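J.: You'll find query.csv just under this line, and it carries CSV, C-alpha atoms.
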```csv
chain,number,residue,atom,x,y,z
F,1,MET,CA,69.9,176.3,-205.6
F,2,GLY,CA,69.6,176.1,-209.3
F,3,GLN,CA,69.7,172.6,-210.9
F,4,SER,CA,71.1,170.9,-207.8
F,5,GLU,CA,69.3,167.6,-207.0
F,6,SER,CA,67.7,167.8,-203.6
F,7,VAL,CA,65.9,165.4,-201.2
F,8,LEU,CA,62.2,166.1,-201.6
F,9,ILE,CA,60.5,165.7,-198.2
F,10,LEU,CA,56.7,165.5,-198.6
F,11,GLY,CA,55.2,166.5,-195.3
F,12,GLY,CA,58.5,168.3,-194.5
F,13,THR,CA,56.8,170.7,-192.2
F,14,GLY,CA,55.5,168.0,-189.9
F,15,GLN,CA,57.2,166.6,-186.8
F,16,ALA,CA,58.9,163.6,-188.5
F,17,GLY,CA,59.7,165.3,-191.8
F,18,ALA,CA,61.2,168.5,-190.2
F,19,GLY,CA,63.1,166.4,-187.7
F,20,ALA,CA,64.6,164.2,-190.3
F,21,ALA,CA,65.6,167.2,-192.4
F,22,ALA,CA,67.3,168.7,-189.4
F,23,LEU,CA,69.4,165.5,-188.8
F,24,LEU,CA,70.3,165.3,-192.5
F,25,ARG,CA,71.5,168.9,-192.4
F,26,GLN,CA,73.5,168.2,-189.2
F,27,TRP,CA,75.2,165.1,-190.8
F,28,HIS,CA,75.6,166.4,-194.3
F,29,PRO,CA,75.7,170.2,-194.3
F,30,ALA,CA,75.9,170.6,-198.1
F,31,LEU,CA,73.0,168.2,-198.9
F,32,PRO,CA,70.3,170.1,-200.7
F,33,LEU,CA,66.8,169.7,-199.2
F,34,THR,CA,63.4,170.6,-200.5
F,35,ILE,CA,60.7,171.0,-197.9
F,36,ALA,CA,57.3,170.4,-199.4
F,37,GLY,CA,54.0,171.2,-197.6
F,38,ARG,CA,50.6,172.6,-198.2
F,39,ASP,CA,51.5,175.9,-196.4
F,40,LEU,CA,54.3,177.6,-198.3
F,41,GLU,CA,55.0,180.1,-195.5
F,42,ARG,CA,55.4,177.3,-193.0
F,43,ALA,CA,57.6,175.3,-195.4
F,44,GLN,CA,59.7,178.4,-196.0
F,45,ARG,CA,60.3,178.8,-192.2
F,46,VAL,CA,61.5,175.2,-192.0
F,47,ALA,CA,63.8,175.7,-195.0
F,48,ASP,CA,65.2,179.0,-193.7
F,49,GLU,CA,66.1,177.3,-190.4
F,50,LEU,CA,67.9,174.5,-192.2
F,51,GLY,CA,69.8,176.5,-194.7
F,52,ALA,CA,70.7,175.1,-198.2
F,53,ALA,CA,67.0,174.2,-198.5
F,54,THR,CA,64.1,175.2,-200.7
F,55,ALA,CA,60.4,175.4,-199.9
F,56,VAL,CA,57.6,174.3,-202.3
F,57,THR,CA,53.9,173.7,-202.1
F,58,THR,CA,52.7,170.3,-202.9
F,59,ASP,CA,49.4,168.6,-203.9
F,60,LEU,CA,49.4,164.9,-203.3
F,61,ARG,CA,46.2,164.5,-205.4
F,62,ARG,CA,48.2,165.5,-208.6
F,63,SER,CA,50.4,163.1,-210.4
F,64,ASP,CA,53.1,165.8,-210.7
F,65,LEU,CA,52.6,166.6,-207.0
F,66,GLY,CA,52.0,170.2,-208.1
F,67,LEU,CA,55.7,170.7,-208.1
F,68,PRO,CA,57.7,173.0,-210.4
F,69,ALA,CA,58.7,171.3,-213.7
F,70,ASP,CA,62.3,172.3,-213.2
F,71,LEU,CA,62.7,170.7,-209.7
F,72,HIS,CA,65.4,168.1,-209.8
F,73,CYS,CA,65.3,165.6,-206.9
F,74,SER,CA,67.7,163.0,-205.6
F,75,ALA,CA,65.1,161.1,-203.5
F,76,VAL,CA,61.5,161.3,-202.4
F,77,VAL,CA,60.5,161.0,-198.8
F,78,ALA,CA,56.8,160.5,-197.9
F,79,ALA,CA,56.8,161.7,-194.2
F,80,LEU,CA,53.0,161.5,-194.4
F,81,TRP,CA,50.5,159.1,-196.0
F,82,ASP,CA,51.1,159.1,-199.7
F,83,ASP,CA,47.4,158.2,-200.2
F,84,HIS,CA,47.2,158.4,-204.0
F,85,LEU,CA,50.7,156.9,-204.4
F,86,HIS,CA,51.6,159.9,-206.5
F,87,GLY,CA,54.8,160.4,-204.5
F,88,LEU,CA,55.8,156.8,-205.2
F,89,ARG,CA,54.9,157.1,-208.9
F,90,TYR,CA,56.8,160.4,-209.2
F,91,ALA,CA,59.9,158.6,-207.8
F,92,GLN,CA,59.5,155.6,-210.0
F,93,HIS,CA,59.1,157.6,-213.2
F,94,ARG,CA,62.4,159.4,-212.4
F,95,GLY,CA,64.3,156.5,-211.0
F,96,LEU,CA,64.6,158.1,-207.6
F,97,PRO,CA,64.8,156.4,-204.2
F,98,TYR,CA,61.6,156.5,-202.3
F,99,LEU,CA,60.9,156.1,-198.6
F,100,SER,CA,57.5,155.9,-196.8
F,101,ILE,CA,56.6,155.7,-193.1
F,102,SER,CA,52.8,156.0,-192.9
F,103,SER,CA,51.3,153.0,-194.7
F,104,GLY,CA,51.5,150.6,-191.7
F,105,LEU,CA,51.3,146.9,-192.2
F,106,THR,CA,47.7,147.1,-193.3
F,107,ASP,CA,48.3,149.6,-196.1
F,108,ILE,CA,51.6,148.5,-197.7
F,109,ALA,CA,50.0,146.2,-200.3
F,110,PRO,CA,49.6,149.0,-203.0
F,111,GLU,CA,53.2,150.1,-202.4
F,112,VAL,CA,54.5,146.5,-202.7
F,113,VAL,CA,52.5,145.8,-205.8
F,114,ALA,CA,53.6,149.1,-207.4
F,115,GLY,CA,57.2,148.2,-206.6
F,116,ALA,CA,56.8,144.7,-207.9
F,117,GLN,CA,55.3,145.8,-211.1
F,118,ARG,CA,58.3,148.0,-211.8
F,119,ALA,CA,60.9,146.2,-209.8
F,120,GLY,CA,63.8,147.8,-211.7
F,121,ALA,CA,62.5,151.4,-211.6
F,122,ALA,CA,63.8,152.6,-208.2
F,123,PRO,CA,64.7,151.6,-204.7
F,124,ILE,CA,61.7,151.7,-202.3
F,125,LEU,CA,62.3,151.7,-198.6
F,126,VAL,CA,59.2,150.5,-196.8
F,127,ALA,CA,59.7,152.0,-193.3
F,128,SER,CA,56.2,152.0,-191.9
F,129,HIS,CA,57.5,150.3,-188.8
F,130,TYR,CA,57.3,151.8,-185.3
F,131,CYS,CA,59.4,154.9,-185.3
F,132,ALA,CA,60.4,154.3,-188.9
F,133,GLY,CA,62.4,151.1,-188.1
F,134,THR,CA,64.5,152.3,-185.2
F,135,VAL,CA,62.9,149.9,-182.8
F,136,VAL,CA,63.6,146.9,-185.1
F,137,LEU,CA,67.2,148.0,-185.3
F,138,ALA,CA,67.5,148.4,-181.6
F,139,ALA,CA,66.0,144.9,-181.1
F,140,LEU,CA,68.4,143.4,-183.6
F,141,HIS,CA,71.3,145.1,-181.8
F,142,SER,CA,70.2,143.5,-178.6
F,143,ALA,CA,69.9,140.1,-180.3
F,144,ARG,CA,73.5,140.1,-181.5
F,145,GLN,CA,74.6,138.1,-178.5
F,146,PHE,CA,72.3,135.2,-179.4
F,147,ASP,CA,73.1,132.3,-181.6
F,148,ARG,CA,69.5,131.3,-181.8
F,149,VAL,CA,66.5,133.5,-181.0
F,150,HIS,CA,63.3,131.8,-179.8
F,151,THR,CA,61.1,134.6,-178.7
F,152,ILE,CA,61.0,138.4,-179.2
F,153,ARG,CA,58.4,140.6,-177.4
F,154,ILE,CA,58.3,144.3,-178.0
F,155,SER,CA,56.1,146.3,-175.6
F,156,ALA,CA,55.6,150.0,-176.4
F,157,VAL,CA,54.0,152.8,-174.5
F,158,LEU,CA,52.8,155.8,-176.6
F,159,ASP,CA,51.9,158.8,-174.5
F,160,GLU,CA,48.5,160.1,-175.5
F,161,LEU,CA,50.0,163.6,-175.8
F,162,ASP,CA,52.7,162.3,-178.2
F,163,THR,CA,50.8,161.0,-181.1
F,164,GLY,CA,52.4,163.6,-183.5
F,165,GLY,CA,50.7,166.2,-185.5
F,166,PRO,CA,47.4,165.9,-187.5
F,167,ALA,CA,49.0,163.4,-189.9
F,168,GLY,CA,50.2,161.2,-187.1
F,169,VAL,CA,46.7,161.2,-185.5
F,170,ALA,CA,45.1,160.4,-188.8
F,171,ASP,CA,47.5,157.5,-189.3
F,172,LEU,CA,46.5,156.0,-185.9
F,173,GLN,CA,42.9,156.3,-186.7
F,174,ARG,CA,43.3,154.7,-190.1
F,175,TRP,CA,45.2,151.8,-188.8
F,176,SER,CA,42.7,151.1,-186.1
F,177,THR,CA,39.9,151.2,-188.6
F,178,ALA,CA,41.7,148.7,-190.8
F,179,THR,CA,42.0,146.1,-188.1
F,180,SER,CA,41.7,145.7,-184.3
F,181,ALA,CA,43.5,142.4,-184.6
F,182,GLY,CA,47.1,141.9,-183.8
F,183,MET,CA,49.6,139.9,-185.9
F,184,VAL,CA,52.0,137.7,-184.1
F,185,ARG,CA,54.4,134.9,-185.1
F,186,ARG,CA,53.6,131.9,-183.0
F,187,ASP,CA,55.5,128.6,-183.4
F,188,GLY,CA,56.7,129.8,-186.8
F,189,VAL,CA,53.3,130.8,-188.1
F,190,PHE,CA,52.2,134.4,-188.8
F,191,THR,CA,48.8,134.5,-187.0
F,192,TRP,CA,46.1,137.0,-186.5
F,193,ILE,CA,44.8,137.3,-182.9
F,194,ASN,CA,42.0,139.4,-181.3
F,195,GLY,CA,39.9,139.6,-178.2
F,196,PRO,CA,41.4,138.3,-175.0
F,197,ASP,CA,44.3,136.6,-176.9
F,198,ALA,CA,45.5,140.0,-178.1
F,199,GLN,CA,45.1,141.8,-174.8
F,200,THR,CA,48.0,142.1,-172.4
F,201,ASP,CA,49.7,144.3,-169.9
F,202,VAL,CA,52.5,146.7,-170.9
F,203,ARG,CA,55.0,147.7,-168.2
F,204,SER,CA,56.4,151.2,-168.2
F,205,THR,CA,60.0,152.0,-167.2
F,206,ASP,CA,58.9,153.0,-163.7
F,207,GLY,CA,57.0,149.8,-163.2
F,208,THR,CA,53.5,151.2,-163.9
F,209,VAL,CA,51.4,148.6,-165.8
F,210,LEU,CA,49.2,149.9,-168.6
F,211,PRO,CA,46.5,147.9,-170.4
F,212,GLY,CA,47.6,147.1,-173.9
F,213,GLN,CA,47.2,144.8,-176.9
F,214,SER,CA,49.0,143.1,-179.7
F,215,ILE,CA,48.9,145.2,-182.9
F,216,ALA,CA,49.4,144.5,-186.6
F,217,ILE,CA,52.8,146.2,-187.3
F,218,LEU,CA,55.7,145.6,-189.7
F,219,ASP,CA,58.1,145.1,-186.8
F,220,VAL,CA,56.7,141.6,-186.3
F,221,PRO,CA,57.6,140.1,-189.7
F,222,SER,CA,60.8,142.2,-189.9
F,223,LEU,CA,62.1,140.8,-186.6
F,224,ALA,CA,60.8,137.3,-187.2
F,225,LEU,CA,62.4,137.0,-190.6
F,226,ALA,CA,65.6,138.7,-189.7
F,227,THR,CA,66.3,136.5,-186.7
F,228,ASP,CA,64.3,133.3,-187.6
F,229,ALA,CA,62.6,133.7,-184.2
F,230,PRO,CA,59.5,131.4,-184.2
F,231,ASN,CA,57.7,133.6,-181.7
F,232,VAL,CA,57.4,137.4,-182.1
F,233,ARG,CA,54.8,139.9,-180.9
F,234,PHE,CA,54.5,143.6,-180.6
F,235,ASP,CA,52.3,144.9,-177.7
F,236,PHE,CA,51.2,148.5,-177.6
F,237,ALA,CA,49.6,150.7,-174.9
F,238,VAL,CA,48.5,154.3,-175.1
F,239,GLY,CA,48.5,156.2,-171.9
F,240,GLU,CA,50.5,158.4,-169.6
F,241,SER,CA,54.3,157.9,-170.0
F,242,ALA,CA,56.8,157.7,-167.2
F,243,GLY,CA,58.1,161.1,-168.2
F,244,ARG,CA,54.7,162.8,-167.6
F,245,ARG,CA,54.2,160.9,-164.3
F,246,ARG,CA,57.4,162.6,-163.2
F,247,GLY,CA,56.1,166.0,-164.2
F,248,GLU,CA,58.3,166.1,-167.3
F,249,PRO,CA,57.4,166.0,-171.0
F,250,ALA,CA,55.9,162.9,-172.6
F,251,SER,CA,58.6,160.3,-172.9
F,252,PHE,CA,59.2,157.4,-175.3
F,253,GLU,CA,59.4,153.9,-173.9
F,254,VAL,CA,59.8,150.5,-175.6
F,255,ARG,CA,60.6,147.3,-173.8
F,256,ILE,CA,62.6,144.7,-175.7
F,257,ASP,CA,62.5,141.1,-174.3
F,258,ILE,CA,64.5,138.4,-176.1
F,259,GLU,CA,64.9,134.7,-175.3
F,260,GLY,CA,67.1,132.2,-177.0
F,261,ALA,CA,70.4,130.4,-176.7
F,262,ASP,CA,74.1,131.3,-176.9
F,263,ARG,CA,76.7,129.6,-179.2
F,264,GLY,CA,77.1,126.9,-176.6
F,265,GLY,CA,73.3,126.1,-176.6
F,266,VAL,CA,72.9,127.6,-173.2
F,267,PRO,CA,69.5,129.4,-172.7
F,268,ILE,CA,69.9,133.1,-172.3
F,269,SER,CA,67.5,136.1,-172.2
F,270,THR,CA,67.8,139.8,-172.2
F,271,SER,CA,65.3,142.6,-171.2
F,272,SER,CA,65.9,146.3,-171.8
F,273,TYR,CA,64.1,149.5,-172.5
F,274,LEU,CA,64.8,151.9,-175.3
F,275,ALA,CA,63.7,155.3,-173.9
F,276,HIS,CA,63.8,158.9,-175.0
F,277,PRO,CA,62.9,161.9,-172.7
F,278,ALA,CA,61.6,163.9,-175.7
F,279,GLY,CA,59.0,161.3,-176.9
F,280,GLN,CA,58.8,159.4,-180.2
F,281,ARG,CA,59.6,162.3,-182.6
F,282,PRO,CA,63.5,162.1,-182.4
F,283,LEU,CA,63.5,158.4,-183.1
F,284,THR,CA,61.0,158.6,-185.9
F,285,ALA,CA,63.0,161.4,-187.5
F,286,LEU,CA,66.2,159.4,-187.0
F,287,GLY,CA,64.7,156.4,-188.8
F,288,ILE,CA,63.8,158.5,-191.9
F,289,ALA,CA,67.2,160.2,-191.9
F,290,LEU,CA,69.1,156.9,-191.6
F,291,GLY,CA,67.1,155.6,-194.5
F,292,ILE,CA,67.7,158.5,-196.8
F,293,GLU,CA,71.4,158.6,-195.9
F,294,ARG,CA,71.6,155.0,-197.0
F,295,LEU,CA,69.4,155.3,-200.1
F,296,LEU,CA,71.5,158.2,-201.4
F,297,GLY,CA,74.8,156.2,-200.9
F,298,LEU,CA,76.1,158.7,-198.4
F,299,ARG,CA,76.9,155.7,-196.2
F,300,GLY,CA,77.4,152.2,-197.6
F,301,ASP,CA,77.0,150.9,-201.1
F,302,ALA,CA,74.5,152.1,-203.6
F,303,VAL,CA,71.1,150.6,-203.0
F,304,THR,CA,69.7,148.6,-205.9
F,305,PRO,CA,66.2,149.0,-207.3
F,306,GLY,CA,63.5,147.0,-205.6
F,307,ILE,CA,61.7,146.8,-202.3
F,308,HIS,CA,63.7,147.1,-199.1
F,309,THR,CA,63.1,147.3,-195.3
F,310,PRO,CA,65.2,149.2,-192.7
F,311,GLU,CA,66.9,146.1,-191.3
F,312,ALA,CA,67.9,145.0,-194.8
F,313,LEU,CA,69.8,148.2,-195.4
F,314,LEU,CA,70.9,149.6,-192.1
F,315,ASP,CA,73.6,148.4,-189.6
F,316,PRO,CA,72.0,148.1,-186.1
F,317,ALA,CA,75.2,149.1,-184.3
F,318,TYR,CA,75.5,152.3,-186.3
F,319,ALA,CA,71.8,153.1,-185.8
F,320,VAL,CA,72.1,152.6,-182.0
F,321,GLU,CA,75.1,155.0,-182.0
F,322,ARG,CA,72.9,157.6,-183.8
F,323,MET,CA,70.1,156.9,-181.3
F,324,ALA,CA,72.4,157.8,-178.4
F,325,GLU,CA,73.4,161.0,-180.2
F,326,THR,CA,69.7,162.1,-180.2
F,327,GLY,CA,69.4,161.5,-176.4
F,328,ALA,CA,68.0,157.9,-176.5
F,329,VAL,CA,69.1,155.6,-173.7
F,330,PHE,CA,69.0,151.8,-173.0
F,331,ILE,CA,67.9,150.8,-169.6
F,332,ASP,CA,68.2,147.3,-168.1
F,333,ALA,CA,64.8,145.9,-167.3
F,334,PRO,CA,63.8,143.2,-164.8
F,335,GLY,CA,63.4,139.8,-166.5
F,336,ASP,CA,59.7,139.5,-165.7
F,337,SER,CA,57.5,140.8,-168.4
```
Translate the structure of the given file into structure tokens.

T.:
Amino acid sequence: MGQSESVLILGGTGQAGAGAAALLRQWHPALPLTIAGRDLERAQRVADELGAATAVTTDLRRSDLGLPADLHCSAVVAALWDDHLHGLRYAQHRGLPYLSISSGLTDIAPEVVAGAQRAGAAPILVASHYCAGTVVLAALHSARQFDRVHTIRISAVLDELDTGGPAGVADLQRWSTATSAGMVRRDGVFTWINGPDAQTDVRSTDGTVLPGQSIAILDVPSLALATDAPNVRFDFAVGESAGRRRGEPASFEVRIDIEGADRGGVPISTSSYLAHPAGQRPLTALGIALGIERLLGLRGDAVTPGIHTPEALLDPAYAVERMAETGAVFIDAPGDS
């Protein structure tokens, strides 16, 4: 590949990283990609399947990531937890766009501070939302018919067999250790809730009710601030998905309930499911790929340095088109939640 600048995907052999690389290859066949992982043989297999891709080993404990000195990158993707922030620093020092998905709401403070201290260094896309921001974009697409949004409730079911690879499981454990409280917006105030206040029922696409609870996730402030909705919460349940109850693979299910008013001031509401028969991986990979496509200027204007979120950069209508291409479907849901 010589001196070509390539997208460096840290964790490129994992489910989200490899899936995002495959989408980028499909959309942009000539885009150089570098698959970085601890196991070079595994990284090489992923790179060989992609074509126009290079495999490298990486060490997140090193400030140079253990990468070859002559590697030239166009962007850095942290498809796993950048625990030392060396990936972010690597990007900032070189003025490269950076995208992360594994910090969660409870771990973004170091990223935000690093970005604020060097605000002009590089664009940073904080995409530690559910499925890398695709659920936020789907909800904003559903909200387009509203003139005023009063309440948004997201209810997600994660199949216990669909938590991702080792990195994904570690993320869930880390986030649950950080806090068992949920963050909601209630009457315009971002509020922490726990105990019975946080517990709720989450209804699956087939009507099955699973015990769930409100969680602390970036989707809440993103949706609240994008729509000015005074009431937003994200409820989450881990259990058997509708797909597995049908004897099929674990499926992805997120219910989106929105209440508000139309341009005439008439109260309206909408309830729908975003579902995928192949689980959360396709939508998480899609969120990463959409972010990189935008950061590189392959779609839309060049992204300026600073801290960005998915909904600030991506068009919900375009994202929903791409979701459908991956096999995602929207299903009308009964109005009761």

J.: F:Ser204, F:Leu40, F:Thr227, F:Gly115: which is nearest F:Arg245, counting all atoms listed in the file?

T.: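 Of all the options, F:Ser204 lies closest to F:Arg245.
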
J.: Please, what distance in Å, to one decimal, runs between atom CA of F:Ala53 and atom CA of F:Val76?

T.: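 Rounded to one decimal, the two atoms are 14.6 Å apart.
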
J.: Using only C-alpha atoms, which protein or nucleic acid residues come within 6 Å of F:Pro123? Drop anything in the same chain fewer than 6 positions from it, and give the result as a list in words.

T.: Pro97, Thr304, Pro305 and Gly306 of chain F

J.: Out of F:Glu160, F:Glu259, F:Leu296, F:Ala21, which residue has the shortest atom-to-atom distance to F:Arg148 when counting all atoms listed in the file?

T.: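 Closest candidate: F:Glu259.
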
J.: From (75.1, 164.5, -196.2), in the file's coordinates, out to 10 Å: which residues are reached, counting only C-alpha atoms? Answer as a PDB file with C-alpha atoms, keeping the file's coordinate frame.

T.:
```pdb
ATOM      1  CA  LEU F  23      69.400 165.500-188.800  1.00  0.00           C
ATOM      2  CA  LEU F  24      70.300 165.300-192.500  1.00  0.00           C
ATOM      3  CA  ARG F  25      71.500 168.900-192.400  1.00  0.00           C
ATOM      4  CA  GLN F  26      73.500 168.200-189.200  1.00  0.00           C
ATOM      5  CA  TRP F  27      75.200 165.100-190.800  1.00  0.00           C
ATOM      6  CA  HIS F  28      75.600 166.400-194.300  1.00  0.00           C
ATOM      7  CA  PRO F  29      75.700 170.200-194.300  1.00  0.00           C
ATOM      8  CA  ALA F  30      75.900 170.600-198.100  1.00  0.00           C
ATOM      9  CA  LEU F  31      73.000 168.200-198.900  1.00  0.00           C
ATOM     10  CA  PRO F  32      70.300 170.100-200.700  1.00  0.00           C
ATOM     11  CA  ALA F 289      67.200 160.200-191.900  1.00  0.00           C
ATOM     12  CA  ILE F 292      67.700 158.500-196.800  1.00  0.00           C
ATOM     13  CA  GLU F 293      71.400 158.600-195.900  1.00  0.00           C
ATOM     14  CA  LEU F 296      71.500 158.200-201.400  1.00  0.00           C
ATOM     15  CA  GLY F 297      74.800 156.200-200.900  1.00  0.00           C
ATOM     16  CA  LEU F 298      76.100 158.700-198.400  1.00  0.00           C
ATOM     17  CA  ARG F 299      76.900 155.700-196.200  1.00  0.00           C
TER      18      ARG F 299
END
```

J.: Measuring between all atoms listed in the file, which one of F:Gln15, F:Ser102, F:Thr134, F:Thr179 shows the shortest distance to F:Gly291?

T.: F:Thr134

J.: Nearest to F:Thr54 among F:His72, F:Ala109, F:Gly195, F:Ile35, with distances taken over all atoms listed in the file: which residue is it?

T.: F:Ile35

J.: Where atoms are missing, can you supply N, CA and C atoms for stretch 194-216 of chain F and output the lot as a PDB file, keeping the file's coordinate frame?

T.:
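Final output, saved to part.pdb:
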```pdb
ATOM      1  N   ASN F 194      42.877 138.259-181.825  1.00  0.00           N
ATOM      2  CA  ASN F 194      42.000 139.400-181.300  1.00  0.00           C
ATOM      3  C   ASN F 194      41.391 138.936-180.014  1.00  0.00           C
ATOM      4  N   GLY F 195      40.586 139.840-179.473  1.00  0.00           N
ATOM      5  CA  GLY F 195      39.900 139.600-178.200  1.00  0.00           C
ATOM      6  C   GLY F 195      40.905 139.363-177.079  1.00  0.00           C
ATOM      7  N   PRO F 196      40.561 138.490-176.121  1.00  0.00           N
ATOM      8  CA  PRO F 196      41.400 138.300-175.000  1.00  0.00           C
ATOM      9  C   PRO F 196      42.842 137.830-175.331  1.00  0.00           C
ATOM     10  N   ASP F 197      42.972 137.103-176.449  1.00  0.00           N
ATOM     11  CA  ASP F 197      44.300 136.600-176.900  1.00  0.00           C
ATOM     12  C   ASP F 197      45.218 137.764-177.219  1.00  0.00           C
ATOM     13  N   ALA F 198      44.646 138.884-177.674  1.00  0.00           N
ATOM     14  CA  ALA F 198      45.500 140.000-178.100  1.00  0.00           C
ATOM     15  C   ALA F 198      45.722 140.994-176.936  1.00  0.00           C
ATOM     16  N   GLN F 199      44.929 140.904-175.880  1.00  0.00           N
ATOM     17  CA  GLN F 199      45.100 141.800-174.800  1.00  0.00           C
ATOM     18  C   GLN F 199      46.187 141.420-173.839  1.00  0.00           C
ATOM     19  N   THR F 200      46.887 142.418-173.305  1.00  0.00           N
ATOM     20  CA  THR F 200      48.000 142.100-172.400  1.00  0.00           C
ATOM     21  C   THR F 200      48.338 143.344-171.600  1.00  0.00           C
ATOM     22  N   ASP F 201      49.246 143.185-170.660  1.00  0.00           N
ATOM     23  CA  ASP F 201      49.700 144.300-169.900  1.00  0.00           C
ATOM     24  C   ASP F 201      51.070 144.780-170.438  1.00  0.00           C
ATOM     25  N   VAL F 202      51.259 146.084-170.451  1.00  0.00           N
ATOM     26  CA  VAL F 202      52.500 146.700-170.900  1.00  0.00           C
ATOM     27  C   VAL F 202      53.111 147.435-169.703  1.00  0.00           C
ATOM     28  N   ARG F 203      54.331 147.081-169.342  1.00  0.00           N
ATOM     29  CA  ARG F 203      55.000 147.700-168.200  1.00  0.00           C
ATOM     30  C   ARG F 203      55.866 148.824-168.557  1.00  0.00           C
ATOM     31  N   SER F 204      55.647 149.965-167.939  1.00  0.00           N
ATOM     32  CA  SER F 204      56.400 151.200-168.200  1.00  0.00           C
ATOM     33  C   SER F 204      57.777 151.087-167.500  1.00  0.00           C
ATOM     34  N   THR F 205      58.659 152.025-167.823  1.00  0.00           N
ATOM     35  CA  THR F 205      60.000 152.000-167.200  1.00  0.00           C
ATOM     36  C   THR F 205      59.973 152.190-165.720  1.00  0.00           C
ATOM     37  N   ASP F 206      58.945 152.847-165.193  1.00  0.00           N
ATOM     38  CA  ASP F 206      58.900 153.000-163.700  1.00  0.00           C
ATOM     39  C   ASP F 206      58.056 151.964-163.047  1.00  0.00           C
ATOM     40  N   GLY F 207      57.721 150.909-163.768  1.00  0.00           N
ATOM     41  CA  GLY F 207      57.000 149.800-163.200  1.00  0.00           C
ATOM     42  C   GLY F 207      55.487 149.875-163.314  1.00  0.00           C
ATOM     43  N   THR F 208      54.971 151.008-163.726  1.00  0.00           N
ATOM     44  CA  THR F 208      53.500 151.200-163.900  1.00  0.00           C
ATOM     45  C   THR F 208      53.047 150.239-165.028  1.00  0.00           C
ATOM     46  N   VAL F 209      51.928 149.561-164.789  1.00  0.00           N
ATOM     47  CA  VAL F 209      51.400 148.600-165.800  1.00  0.00           C
ATOM     48  C   VAL F 209      50.191 149.288-166.466  1.00  0.00           C
ATOM     49  N   LEU F 210      50.231 149.292-167.799  1.00  0.00           N
ATOM     50  CA  LEU F 210      49.200 149.900-168.600  1.00  0.00           C
ATOM     51  C   LEU F 210      48.472 148.761-169.402  1.00  0.00           C
ATOM     52  N   PRO F 211      47.158 148.845-169.580  1.00  0.00           N
ATOM     53  CA  PRO F 211      46.500 147.900-170.400  1.00  0.00           C
ATOM     54  C   PRO F 211      46.855 148.078-171.894  1.00  0.00           C
ATOM     55  N   GLY F 212      47.244 147.012-172.554  1.00  0.00           N
ATOM     56  CA  GLY F 212      47.600 147.100-173.900  1.00  0.00           C
ATOM     57  C   GLY F 212      47.129 145.949-174.752  1.00  0.00           C
ATOM     58  N   GLN F 213      47.537 145.916-176.020  1.00  0.00           N
ATOM     59  CA  GLN F 213      47.200 144.800-176.900  1.00  0.00           C
ATOM     60  C   GLN F 213      48.159 144.611-177.982  1.00  0.00           C
ATOM     61  N   SER F 214      48.202 143.401-178.510  1.00  0.00           N
ATOM     62  CA  SER F 214      49.000 143.100-179.700  1.00  0.00           C
ATOM     63  C   SER F 214      48.470 143.858-180.870  1.00  0.00           C
ATOM     64  N   ILE F 215      49.358 144.414-181.699  1.00  0.00           N
ATOM     65  CA  ILE F 215      48.900 145.200-182.900  1.00  0.00           C
ATOM     66  C   ILE F 215      49.519 144.590-184.138  1.00  0.00           C
ATOM     67  N   ALA F 216      48.921 144.951-185.266  1.00  0.00           N
ATOM     68  CA  ALA F 216      49.400 144.500-186.600  1.00  0.00           C
ATOM     69  C   ALA F 216      50.448 145.594-187.019  1.00  0.00           C
TER      70      ALA F 216
END
```
